[in-house]
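Below is model-v5.tsv, holding TSV, C-alpha atoms.
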```tsv
chain	number	residue	atom	x	y	z
U	1375	MET	CA	-36.47	41.67	-34.12
U	1376	SER	CA	-34.53	44.53	-32.71
U	1377	MET	CA	-32.96	44.38	-29.27
U	1378	ASP	CA	-31.46	47.16	-27.24
U	1379	ARG	CA	-28.31	46.79	-25.19
U	1380	ARG	CA	-30.15	46.25	-21.89
U	1381	GLU	CA	-32.36	43.51	-23.36
U	1382	PHE	CA	-29.33	41.74	-24.81
U	1383	LEU	CA	-27.43	41.70	-21.50
U	1384	LYS	CA	-30.47	40.32	-19.66
U	1385	MET	CA	-30.81	37.45	-22.14
U	1386	ALA	CA	-27.11	36.67	-21.97
U	1387	GLY	CA	-27.18	36.61	-18.18
U	1388	ILE	CA	-30.17	34.31	-17.94
U	1389	SER	CA	-28.80	31.85	-20.47
U	1390	SER	CA	-25.39	31.62	-18.79
U	1391	ILE	CA	-27.03	30.94	-15.40
U	1392	LEU	CA	-29.15	28.22	-16.98
U	1393	GLY	CA	-26.11	26.68	-18.65
U	1394	LEU	CA	-24.07	26.65	-15.45
U	1395	GLY	CA	-26.96	25.11	-13.52
U	1396	VAL	CA	-27.37	22.25	-15.96
U	1397	SER	CA	-23.68	21.40	-16.06
U	1398	ALA	CA	-23.44	21.51	-12.24
U	1399	ALA	CA	-26.38	19.14	-11.96
U	1400	ALA	CA	-24.80	16.78	-14.47
U	1401	THR	CA	-21.50	16.74	-12.55
U	1402	ALA	CA	-23.25	16.12	-9.26
U	1403	GLN	CA	-25.13	13.21	-10.73
U	1404	ASN	CA	-21.92	11.81	-12.16
U	1405	ILE	CA	-20.18	11.92	-8.80
U	1406	LEU	CA	-23.11	10.50	-6.87
U	1407	GLY	CA	-23.76	7.79	-9.42
U	1408	GLN	CA	-20.27	6.35	-9.05
U	1409	GLY	CA	-18.90	3.84	-6.63
U	1410	ILE	CA	-20.30	2.00	-3.69
U	1411	ALA	CA	-22.06	3.40	-0.69
U	1412	PRO	CA	-19.63	3.75	2.23
U	1413	ASP	CA	-21.90	1.90	4.65
U	1414	LYS	CA	-21.42	-1.31	2.72
U	1415	VAL	CA	-18.01	-1.99	4.19
U	1416	ILE	CA	-17.28	-3.24	7.70
U	1417	THR	CA	-14.31	-4.19	9.84
U	1418	ASN	CA	-13.56	-7.90	10.08
U	1419	PRO	CA	-15.36	-9.25	13.16
U	1420	GLU	CA	-12.30	-11.31	14.13
U	1421	ALA	CA	-9.97	-8.28	14.04
U	1422	LEU	CA	-7.86	-7.44	17.08
U	1423	THR	CA	-8.65	-3.91	18.13
U	1424	ALA	CA	-7.12	-1.45	20.56
U	1425	LYS	CA	-7.11	2.24	21.34
U	1426	HIS	CA	-3.35	2.49	21.33
U	1427	TRP	CA	-1.27	-0.41	20.08
U	1428	ALA	CA	2.11	-0.55	21.77
U	1429	MET	CA	5.03	-2.94	22.08
U	1430	VAL	CA	7.34	-3.87	24.92
U	1431	VAL	CA	10.70	-5.31	23.95
U	1432	ASP	CA	12.18	-7.39	26.73
U	1433	MET	CA	15.86	-7.46	25.82
U	1434	SER	CA	16.68	-10.15	28.38
U	1435	LYS	CA	14.77	-12.67	26.28
U	1436	PHE	CA	16.99	-12.12	23.25
U	1437	LYS	CA	20.03	-14.17	24.12
U	1438	THR	CA	21.62	-15.30	20.88
U	1439	ASP	CA	22.03	-13.79	17.46
U	1440	GLU	CA	19.66	-16.46	16.22
U	1441	ASP	CA	16.87	-15.00	18.37
U	1442	PHE	CA	17.29	-11.69	16.58
U	1443	GLN	CA	17.57	-13.20	13.12
U	1444	LYS	CA	14.50	-15.37	13.61
U	1445	THR	CA	12.42	-12.35	14.59
U	1446	ILE	CA	13.74	-10.11	11.82
U	1447	SER	CA	13.37	-12.67	9.08
U	1448	ALA	CA	9.82	-13.52	10.17
U	1449	CYS	CA	8.87	-9.90	9.52
U	1450	HIS	CA	10.87	-9.50	6.36
U	1451	THR	CA	9.63	-12.67	4.69
U	1452	THR	CA	6.02	-11.92	5.62
U	1453	HIS	CA	6.19	-8.46	4.11
U	1454	ASN	CA	8.31	-9.19	1.06
U	1455	VAL	CA	11.16	-7.01	2.24
U	1456	PRO	CA	14.01	-7.32	-0.28
U	1457	ASP	CA	17.48	-8.39	0.73
U	1458	PHE	CA	20.12	-6.24	-0.96
U	1459	LYS	CA	23.60	-7.71	-0.81
U	1460	ASN	CA	26.94	-6.47	-2.08
U	1461	PRO	CA	28.88	-8.87	-4.30
U	1462	ASP	CA	30.98	-9.85	-1.26
U	1463	GLY	CA	27.88	-10.86	0.70
U	1464	SER	CA	27.72	-7.88	3.06
U	1465	VAL	CA	24.57	-5.77	3.31
U	1466	ASN	CA	24.30	-3.06	0.68
U	1467	LEU	CA	23.75	-0.13	3.02
U	1468	LYS	CA	22.66	2.29	0.33
U	1469	ASP	CA	19.81	0.15	-0.95
U	1470	GLU	CA	18.98	-1.64	2.30
U	1471	ILE	CA	15.29	-1.88	3.26
U	1472	LYS	CA	14.49	-2.61	6.88
U	1473	TRP	CA	11.32	-2.84	8.92
U	1474	ILE	CA	12.85	-4.28	12.08
U	1475	TRP	CA	16.57	-4.52	12.67
U	1476	LYS	CA	19.44	-4.69	15.14
U	1477	GLU	CA	21.01	-1.53	16.49
U	1478	THR	CA	23.70	-0.97	19.11
U	1479	TYR	CA	22.72	0.60	22.43
U	1480	GLU	CA	24.79	3.67	21.59
U	1481	HIS	CA	22.83	4.31	18.41
U	1482	ALA	CA	19.42	3.33	19.71
U	1483	PHE	CA	19.67	5.50	22.83
U	1484	PRO	CA	22.19	8.23	21.99
U	1485	GLU	CA	21.15	10.46	24.91
U	1486	GLU	CA	21.91	7.80	27.45
U	1487	ASP	CA	25.60	8.40	26.89
U	1488	ASN	CA	27.73	7.42	29.82
U	1489	PRO	CA	31.45	6.81	29.42
U	1490	TYR	CA	31.63	4.41	32.37
U	1491	MET	CA	28.69	2.34	31.35
U	1492	ASP	CA	28.69	-1.42	31.70
U	1493	GLU	CA	30.50	-2.68	28.59
U	1494	LYS	CA	28.05	-5.50	28.21
U	1495	LEU	CA	25.11	-3.14	27.93
U	1496	LYS	CA	26.93	-0.65	25.74
U	1497	GLU	CA	27.67	-3.26	23.11
U	1498	MET	CA	24.39	-5.06	23.44
U	1499	PRO	CA	22.35	-5.20	20.24
U	1500	PHE	CA	18.80	-3.86	20.45
U	1501	LEU	CA	15.82	-4.73	18.33
U	1502	VAL	CA	14.44	-1.54	16.82
U	1503	LEU	CA	11.50	-0.79	14.56
U	1504	CYS	CA	9.04	1.99	13.79
U	1505	ASN	CA	7.90	3.47	17.10
U	1506	HIS	CA	4.38	4.30	15.92
U	1507	CYS	CA	4.70	7.63	17.69
U	1508	GLU	CA	1.86	9.43	19.37
U	1509	LYS	CA	2.96	12.57	17.53
U	1510	PRO	CA	4.66	11.21	14.43
U	1511	ALA	CA	6.99	13.65	12.69
U	1512	CYS	CA	6.74	11.67	9.46
U	1513	VAL	CA	2.99	12.23	9.29
U	1514	ARG	CA	3.36	15.97	9.77
U	1515	VAL	CA	5.71	16.38	6.85
U	1516	CYS	CA	4.08	14.03	4.34
U	1517	PRO	CA	2.75	16.22	1.52
U	1518	THR	CA	0.28	13.64	0.22
U	1519	GLN	CA	-0.87	12.08	3.50
U	1520	ALA	CA	0.54	8.82	2.23
U	1521	THR	CA	1.66	8.16	5.76
U	1522	PHE	CA	-0.97	8.80	8.37
U	1523	LYS	CA	-1.90	7.93	11.93
U	1524	ARG	CA	-4.90	5.65	12.17
U	1525	PRO	CA	-7.36	7.41	14.45
U	1526	GLN	CA	-8.82	4.16	15.74
U	1527	ASP	CA	-5.67	2.51	17.10
U	1528	GLY	CA	-2.72	4.87	16.71
U	1529	ILE	CA	-0.84	2.81	14.15
U	1530	VAL	CA	1.27	4.94	11.83
U	1531	MET	CA	0.29	3.45	8.52
U	1532	MET	CA	1.52	3.87	4.96
U	1533	ASP	CA	-0.56	4.12	1.82
U	1534	MET	CA	1.86	3.05	-0.89
U	1535	HIS	CA	-0.60	4.13	-3.56
U	1536	ARG	CA	-0.14	7.73	-2.51
U	1537	CYS	CA	3.58	7.86	-1.77
U	1538	ILE	CA	5.40	10.06	-4.24
U	1539	GLY	CA	8.83	9.22	-2.89
U	1540	CYS	CA	9.78	12.70	-1.72
U	1541	ARG	CA	11.50	11.22	1.37
U	1542	PHE	CA	10.49	14.09	3.66
U	1543	CYS	CA	9.36	11.44	6.13
U	1544	MET	CA	12.80	9.85	6.13
U	1545	ALA	CA	14.34	13.20	6.98
U	1546	ALA	CA	11.73	13.77	9.69
U	1547	CYS	CA	11.87	10.37	11.39
U	1548	PRO	CA	14.38	10.55	14.26
U	1549	TYR	CA	14.62	6.75	14.43
U	1550	GLY	CA	15.70	5.93	10.89
U	1551	ALA	CA	12.72	3.62	10.69
U	1552	ARG	CA	12.00	4.36	7.06
U	1553	SER	CA	13.66	3.00	3.94
U	1554	PHE	CA	13.46	4.20	0.39
U	1555	ASN	CA	13.19	1.88	-2.59
U	1556	TRP	CA	16.02	3.11	-4.76
U	1557	ARG	CA	15.47	0.23	-7.16
U	1558	ASP	CA	12.85	-2.32	-8.03
U	1559	PRO	CA	12.74	-4.64	-5.01
U	1560	ARG	CA	11.13	-7.59	-6.84
U	1561	PRO	CA	14.28	-9.36	-8.04
U	1562	PHE	CA	15.74	-9.23	-4.52
U	1563	ILE	CA	12.91	-11.01	-2.74
U	1564	LYS	CA	13.85	-14.64	-2.33
U	1565	ASN	CA	10.52	-16.18	-1.44
U	1566	GLU	CA	7.58	-13.99	-2.24
U	1567	ASN	CA	4.72	-14.09	0.20
U	1568	LYS	CA	1.85	-14.30	-2.26
U	1569	GLU	CA	-0.60	-12.86	0.23
U	1570	TYR	CA	1.19	-9.55	0.66
U	1571	PRO	CA	2.17	-7.04	-2.00
U	1572	THR	CA	5.73	-5.98	-2.71
U	1573	ARG	CA	6.66	-2.35	-3.14
U	1574	THR	CA	7.77	-0.60	-6.25
U	1575	LYS	CA	10.73	1.59	-7.05
U	1576	GLY	CA	10.35	5.11	-5.63
U	1577	VAL	CA	8.29	4.61	-2.48
U	1578	VAL	CA	9.23	4.72	1.19
U	1579	GLU	CA	8.31	1.83	3.44
U	1580	LYS	CA	8.40	0.86	7.10
U	1581	CYS	CA	6.86	-1.35	9.75
U	1582	THR	CA	3.06	-1.16	9.94
U	1583	PHE	CA	2.58	-3.15	13.19
U	1584	CYS	CA	1.15	-5.83	10.87
U	1585	THR	CA	-2.20	-4.16	10.29
U	1586	GLU	CA	-2.97	-6.87	7.74
U	1587	ARG	CA	-2.53	-9.58	10.39
U	1588	LEU	CA	-4.33	-7.72	13.20
U	1589	ALA	CA	-7.32	-7.41	10.87
U	1590	PHE	CA	-7.60	-11.21	10.86
U	1591	GLY	CA	-7.06	-11.70	14.57
U	1592	LYS	CA	-3.36	-12.52	14.38
U	1593	MET	CA	-0.52	-10.99	16.36
U	1594	PRO	CA	2.27	-9.25	14.44
U	1595	ALA	CA	4.71	-11.60	12.71
U	1596	CYS	CA	7.69	-10.51	14.83
U	1597	VAL	CA	5.77	-11.07	18.07
U	1598	GLU	CA	4.94	-14.63	17.03
U	1599	ALA	CA	8.48	-15.42	15.95
U	1600	ALA	CA	10.33	-13.79	18.86
U	1601	PRO	CA	11.51	-15.86	21.84
U	1602	LYS	CA	8.68	-16.32	24.32
U	1603	GLY	CA	7.97	-13.02	26.09
U	1604	GLY	CA	10.59	-11.15	24.06
U	1605	LEU	CA	8.09	-8.98	22.29
U	1606	LEU	CA	4.82	-8.09	23.98
U	1607	PHE	CA	2.12	-6.41	21.98
U	1608	GLY	CA	-1.06	-4.94	23.37
U	1609	ASP	CA	-3.30	-2.02	24.09
U	1610	LEU	CA	-1.56	0.63	26.14
U	1611	ALA	CA	-4.88	2.40	26.73
U	1612	ASP	CA	-6.30	-0.70	28.41
U	1613	LYS	CA	-5.40	-0.74	32.12
U	1614	ASN	CA	-5.51	-4.53	32.29
U	1615	SER	CA	-3.35	-5.26	29.27
U	1616	GLU	CA	0.01	-6.93	29.75
U	1617	VAL	CA	1.97	-4.13	28.11
U	1618	ARG	CA	0.35	-1.51	30.30
U	1619	LYS	CA	1.09	-3.51	33.45
U	1620	ILE	CA	4.74	-3.88	32.51
U	1621	VAL	CA	5.12	-0.22	31.59
U	1622	GLU	CA	3.50	0.74	34.89
U	1623	THR	CA	5.38	-1.60	37.18
U	1624	ARG	CA	8.84	-2.00	35.64
U	1625	TYR	CA	11.46	0.49	34.54
U	1626	THR	CA	11.24	0.83	30.78
U	1627	ILE	CA	12.89	3.29	28.42
U	1628	ARG	CA	11.88	4.65	25.04
U	1629	ARG	CA	14.03	5.87	22.19
U	1630	LYS	CA	14.65	9.64	22.22
U	1631	PRO	CA	11.52	10.55	24.22
U	1632	ASN	CA	12.84	14.11	24.69
U	1633	LEU	CA	11.99	14.86	21.06
U	1634	GLY	CA	8.33	14.78	22.02
U	1635	THR	CA	7.30	12.18	19.47
U	1636	GLY	CA	5.86	9.86	22.11
U	1637	PRO	CA	7.16	6.51	20.86
U	1638	SER	CA	4.96	3.47	21.47
U	1639	VAL	CA	7.79	0.94	21.69
U	1640	TYR	CA	9.11	0.44	25.22
U	1641	TYR	CA	12.36	-1.29	26.14
U	1642	LEU	CA	12.86	-3.43	29.17
U	1643	ILE	CA	16.60	-3.63	29.70
U	1644	GLY	CA	18.73	-6.04	31.63
U	1645	GLY	CA	15.98	-8.27	32.90
U	1646	ASN	CA	16.50	-9.14	36.57
U	1647	GLU	CA	19.85	-7.62	37.49
U	1648	HIS	CA	19.29	-4.09	36.18
U	1649	ALA	CA	15.59	-3.56	36.42
Y	1474	MET	CA	-3.30	29.53	-64.17
Y	1475	LYS	CA	0.12	28.09	-64.26
Y	1476	LEU	CA	1.52	25.75	-61.66
Y	1477	TYR	CA	5.22	26.33	-61.18
Y	1478	ASN	CA	7.27	23.25	-60.40
Y	1479	GLY	CA	4.13	21.21	-60.91
Y	1480	GLY	CA	5.94	17.89	-61.19
Y	1481	LYS	CA	7.76	18.24	-57.90
Y	1482	ILE	CA	4.70	19.48	-56.07
Y	1483	LEU	CA	2.47	16.70	-57.33
Y	1484	THR	CA	5.06	14.00	-56.57
Y	1485	GLY	CA	5.49	15.47	-53.12
Y	1486	LEU	CA	1.76	15.51	-52.55
Y	1487	ILE	CA	1.40	11.91	-53.66
Y	1488	ILE	CA	4.22	10.78	-51.37
Y	1489	PHE	CA	2.73	12.73	-48.47
Y	1490	VAL	CA	-0.73	11.25	-48.96
Y	1491	ALA	CA	0.75	7.77	-49.26
Y	1492	ILE	CA	2.65	8.14	-45.97
Y	1493	ALA	CA	-0.20	9.83	-44.12
Y	1494	THR	CA	-2.69	7.14	-45.06
Y	1495	PHE	CA	-0.24	4.27	-44.58
Y	1496	PRO	CA	-1.82	3.10	-41.29
Y	1497	ILE	CA	-5.15	2.71	-43.03
Y	1498	TYR	CA	-3.76	0.57	-45.86
Y	1499	TYR	CA	-1.58	-1.37	-43.49
Y	1500	ASN	CA	-4.46	-2.41	-41.28
Y	1501	ILE	CA	-6.99	-2.93	-44.05
Y	1502	GLY	CA	-8.41	-6.40	-44.05
Y	1503	LYS	CA	-6.89	-7.24	-40.70
Y	1504	VAL	CA	-9.67	-8.16	-38.35
Y	1505	ASN	CA	-9.50	-6.05	-35.25
Y	1506	ALA	CA	-10.10	-8.84	-32.78
Y	1507	LYS	CA	-12.36	-7.99	-29.90
Y	1508	PRO	CA	-10.85	-8.65	-26.48
Y	1509	GLU	CA	-12.24	-11.80	-24.94
Y	1510	PRO	CA	-11.36	-12.09	-21.30
Y	1511	LYS	CA	-11.29	-15.72	-20.25
Y	1512	LEU	CA	-13.08	-17.07	-17.21
Y	1513	ASP	CA	-11.81	-20.63	-17.44
Y	1514	THR	CA	-9.56	-20.73	-14.39
Y	1515	PRO	CA	-9.56	-23.87	-12.22
Y	1516	ALA	CA	-11.04	-21.97	-9.27
Y	1517	ILE	CA	-13.98	-20.75	-11.33
Y	1518	GLN	CA	-14.59	-24.10	-13.00
Y	1519	GLN	CA	-14.76	-25.87	-9.66
Y	1520	MET	CA	-17.63	-23.65	-8.59
Y	1521	ALA	CA	-21.20	-24.73	-8.98
Y	1522	GLU	CA	-22.93	-22.96	-11.85
Y	1523	SER	CA	-25.19	-21.02	-9.49
Y	1524	GLU	CA	-22.24	-19.72	-7.46
Y	1525	ARG	CA	-20.24	-18.53	-10.41
Y	1526	LYS	CA	-20.69	-14.87	-9.63
Y	1527	CYS	CA	-18.35	-11.99	-9.10
Y	1528	VAL	CA	-18.83	-9.66	-6.15
Y	1529	GLU	CA	-21.29	-7.63	-8.17
Y	1530	SER	CA	-23.12	-8.17	-11.45
Y	1531	LYS	CA	-21.18	-8.69	-14.64
Y	1532	ALA	CA	-22.36	-5.43	-16.15
Y	1533	TYR	CA	-21.40	-3.49	-13.05
Y	1534	MET	CA	-18.01	-5.11	-12.81
Y	1535	ARG	CA	-17.31	-4.54	-16.47
Y	1536	ALA	CA	-18.09	-0.84	-16.24
Y	1537	GLU	CA	-17.12	0.03	-12.69
Y	1538	HIS	CA	-14.43	-2.38	-11.51
Y	1539	MET	CA	-11.86	0.40	-11.37
Y	1540	GLN	CA	-14.05	2.48	-9.07
Y	1541	LEU	CA	-14.81	-0.57	-6.97
Y	1542	LEU	CA	-11.11	-1.38	-6.63
Y	1543	ASN	CA	-10.30	2.22	-5.76
Y	1544	ASN	CA	-12.96	2.21	-3.08
Y	1545	TRP	CA	-11.73	-1.11	-1.75
Y	1546	ARG	CA	-8.20	0.24	-1.60
Y	1547	ASP	CA	-9.22	3.36	0.30
Y	1548	SER	CA	-11.41	1.42	2.67
Y	1549	VAL	CA	-8.76	-1.18	3.49
Y	1550	VAL	CA	-5.67	1.00	3.64
Y	1551	ARG	CA	-7.05	4.17	5.12
Y	1552	ASP	CA	-10.03	3.08	7.23
Y	1553	GLY	CA	-9.00	-0.49	8.05
Y	1554	ASN	CA	-12.39	-1.84	6.96
Y	1555	ARG	CA	-11.68	-5.00	5.08
Y	1556	GLN	CA	-15.06	-6.61	4.53
Y	1557	PHE	CA	-17.31	-5.74	1.65
Y	1558	ILE	CA	-21.03	-6.46	1.66
Y	1559	ASN	CA	-22.40	-6.68	-1.85
Y	1560	SER	CA	-25.86	-5.91	-3.13
Y	1561	THR	CA	-27.07	-9.44	-2.30
Y	1562	ASN	CA	-25.72	-9.19	1.26
Y	1563	LYS	CA	-22.77	-11.50	0.71
Y	1564	HIS	CA	-19.51	-10.71	2.52
Y	1565	TYR	CA	-16.18	-10.54	0.75
Y	1566	ASN	CA	-12.61	-9.91	1.86
Y	1567	MET	CA	-11.54	-6.74	0.06
Y	1568	SER	CA	-8.24	-7.73	-1.47
Y	1569	LEU	CA	-7.07	-7.66	-5.05
Y	1570	GLN	CA	-4.33	-10.17	-4.41
Y	1571	ASN	CA	-6.17	-12.53	-2.08
Y	1572	GLU	CA	-9.76	-12.25	-3.27
Y	1573	CYS	CA	-10.02	-11.13	-6.92
Y	1574	LEU	CA	-7.04	-13.16	-8.08
Y	1575	ARG	CA	-8.16	-16.22	-6.15
Y	1576	CYS	CA	-10.76	-16.84	-8.85
Y	1577	HIS	CA	-9.26	-14.79	-11.65
Y	1578	SER	CA	-5.86	-16.41	-11.49
Y	1579	ASN	CA	-5.36	-15.76	-15.20
Y	1580	LYS	CA	-4.17	-12.18	-15.16
Y	1581	LYS	CA	-2.88	-12.34	-18.74
Y	1582	LYS	CA	-6.10	-13.62	-20.20
Y	1583	PHE	CA	-8.41	-11.73	-17.88
Y	1584	CYS	CA	-6.94	-8.35	-16.97
Y	1585	ASP	CA	-4.44	-7.75	-19.73
Y	1586	GLU	CA	-6.78	-8.85	-22.50
Y	1587	CYS	CA	-8.93	-5.72	-22.29
Y	1588	HIS	CA	-6.33	-3.39	-20.84
Y	1589	ASN	CA	-4.03	-4.00	-23.79
Y	1590	TYR	CA	-6.88	-3.54	-26.24
Y	1591	MET	CA	-7.81	-0.24	-24.64
Y	1592	ALA	CA	-4.15	0.71	-24.22
Y	1593	VAL	CA	-4.57	1.41	-20.52
Y	1594	LYS	CA	-1.75	0.56	-18.17
Y	1595	PRO	CA	-2.98	0.24	-14.59
Y	1596	TYR	CA	-0.03	-0.16	-12.22
Y	1597	CYS	CA	-1.72	-2.61	-9.84
Y	1598	PHE	CA	0.76	-5.35	-10.54
Y	1599	ASP	CA	3.85	-3.25	-10.01
Y	1600	CYS	CA	3.34	-4.15	-6.37
Y	1601	HIS	CA	0.55	-6.70	-6.12
Y	1602	ILE	CA	1.73	-10.16	-7.00
Y	1603	ALA	CA	-0.16	-11.93	-9.76
Y	1604	PRO	CA	-0.32	-15.73	-9.63
Y	1605	LYS	CA	2.19	-17.60	-11.74
Y	1606	GLU	CA	0.67	-18.64	-15.05
Y	1607	GLU	CA	1.71	-21.58	-17.18
Y	1608	GLN	CA	3.03	-20.63	-20.56
Y	1609	LYS	CA	0.58	-22.08	-23.06
Y	1610	SER	CA	-0.14	-19.45	-25.64
```

Would you mind writing the structure in this file as structure tokens?
Amino acid sequence: MSMDRREFLKMAGISSILGLGVSAAATAQNILGQGIAPDKVITNPEALTAKHWAMVVDMSKFKTDEDFQKTISACHTTHNVPDFKNPDGSVNLKDEIKWIWKETYEHAFPEEDNPYMDEKLKEMPFLVLCNHCEKPACVRVCPTQATFKRPQDGIVMMDMHRCIGCRFCMAACPYGARSFNWRDPRPFIKNENKEYPTRTKGVVEKCTFCTERLAFGKMPACVEAAPKGGLLFGDLADKNSEVRKIVETRYTIRRKPNLGTGPSVYYLIGGNEHA
Amino acid sequence: MKLYNGGKILTGLIIFVAIATFPIYYNIGKVNAKPEPKLDTPAIQQMAESERKCVESKAYMRAEHMQLLNNWRDSVVRDGNRQFINSTNKHYNMSLQNECLRCHSNKKKFCDECHNYMAVKPYCFDCHIAPKEEQKS
């Protein structure tokens, strides 16, 4: 059989189109054949839901250091947050992991600087945590979308499986709410909570507003452990919620609101005398 | 045809062949034991025979458990949907640590058995806490 150039090119073209078609079909079948249909998963019926989860911290309810410690340790034991100590017993600041912690007024609200401020307030410790911002800077910078804002309730969540440990989010967060695991945290967790994972070396972690507890109808661990009324948690989008009523009727402040991040944690300072 | 340095070349060849085929000789006669994941945990044994089922069929789980776990992970972490409805309409809490390991509390004899055989190293348990197992080899 003899074939001229034109005939040869036609044959070659047809066979390559056929070949591509077959392999594309095979790939498509492979992808479709895998996994479970997405409609076979549902949200827990007992889950607490909201449009915009927010927290009000009533500082007047935190009277003693024990009140703070109780709240902090409730969170840290629930979430297997390691406790890094120097040999002399002080906190190892380089390795420290914190989800919720104590901060001085000066550091929590640096713009509210006032040299003649009430000494009591100036030195008062504040309970700070991730603000679950409306426009989170950490989410914008994350290259892998490991940290993301949940569209359903505004919680700024972390997907540890995706975190590559670049720490852009730590640089972006104006509240220092994120901690990096410089070393394996496992040996530094005293009592592991078997129902919650630990983290591994090389990922960033922070408060998640206890998504794992909300999903089963429970309030965040810190809210349950705090002195009564110290931490209020609710739906800011709901006009009848307790947090919304407080934010509407009392004078509350947020941390660094001028940065435009829209923090969802509100502080009620001074209780009766200053409000 | 003359082979120069024949002695050296032949000795070299023999040594090379001996070294290259060493793994074959070394493993000859050794039975390559098939992995046998164990299902004899207390939680499973307490179940009635008819209820002794995983979330999906054995064949599916054996072939597709990694995809299933990946889907569970994405659903729980990213979408916040934590309940799985299987092909027989039963509901399950999607959690490796709290659901899978509740029955399969023998990570060493269940997970590692095959993973070691296949030389795959999933990093699930770098973070997820496996139940403590008694040391009885």

Check: which chain Y residues lie within 6 Å of chain U using all atoms listed in the file, as a list in words:
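Listing them in order of chain and number gives Gln1540, Asn1554, Arg1555, Gln1556, Phe1557, Ile1558, Cys1600, His1601 and Ile1602 of chain Y.
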
May I have the selected residues written with C-alpha atoms, as a CSV table (one decimal), keeping the file's coordinate frame?
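Heads up, here's the output in part.csv:
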```csv
chain,number,residue,atom,x,y,z
Y,1540,GLN,CA,-14.0,2.5,-9.1
Y,1554,ASN,CA,-12.4,-1.8,7.0
Y,1555,ARG,CA,-11.7,-5.0,5.1
Y,1556,GLN,CA,-15.1,-6.6,4.5
Y,1557,PHE,CA,-17.3,-5.7,1.6
Y,1558,ILE,CA,-21.0,-6.5,1.7
Y,1600,CYS,CA,3.3,-4.2,-6.4
Y,1601,HIS,CA,0.6,-6.7,-6.1
Y,1602,ILE,CA,1.7,-10.2,-7.0
```

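Put simply, atom CA of Ile1517 of chain Y is 10.7 Å away from atom CA of Asn1579 of chain Y.
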
Non-local contacts of Ala1516 of chain Y (8 Å; all atoms listed in the file; under 5 positions in same chain excluded) as a VMD selection string:
chain Y and resid 1575 to 1578

Would you mind reading off the distance between atom CA of Val1593 of chain Y and atom CA of Glu1509 of chain Y, one decimal, in Å?
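Distance between the two atoms: 15.9 Å.
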
How far is it from atom CA of Lys1476 of chain U to atom CA of Arg1514 of chain U, in Å with one decimal?
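These atoms are spaced 26.7 Å apart.
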
Between Y:Ala1592, Y:Pro1604, Y:Met1567, Y:Thr1494, which has the minimum distance to Trp1545 of chain Y (counting all atoms listed in the file)?
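Closest residue, counting all atoms listed in the file: Y:Met1567.
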
Using only C-alpha atoms, list the residues that have an atom at most 12 Å from (-4.2, -13.4, -12.0), coordinates as in the file, as a PyMOL selection string.
(chain U and resi 1568) or (chain Y and resi 1510-1516+1569-1586+1597-1598+1601-1607)

Tell me, as a short mmCIF file (atom, residue, chain, number, x, y, z; two decimals) with C-alpha atoms, keeping the file's coordinate frame, which residues lie within 9 Å of Ala1448 of chain U, counting all atoms listed in the file; anything in the same chain fewer than 5 positions away does not count.
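What landed in selection06.cif:
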```cif
data_model
loop_
_atom_site.label_atom_id
_atom_site.label_comp_id
_atom_site.auth_asym_id
_atom_site.auth_seq_id
_atom_site.Cartn_x
_atom_site.Cartn_y
_atom_site.Cartn_z
CA GLN U 1443 17.57 -13.20 13.12
CA HIS U 1453 6.19 -8.46 4.11
CA ALA U 1595 4.71 -11.60 12.71
CA CYS U 1596 7.69 -10.51 14.83
CA GLU U 1598 4.94 -14.63 17.03
CA ALA U 1599 8.48 -15.42 15.95
CA ALA U 1600 10.33 -13.79 18.86
#
```

For a cutoff of 12 Å around the file-coordinate point (15.3, 12.6, 13.7), which residues qualify once you count only C-alpha atoms? I'd like the result as an MDAnalysis selection string.
chainID U and resid 1482 1484 1510:1512 1542:1552 1629:1635
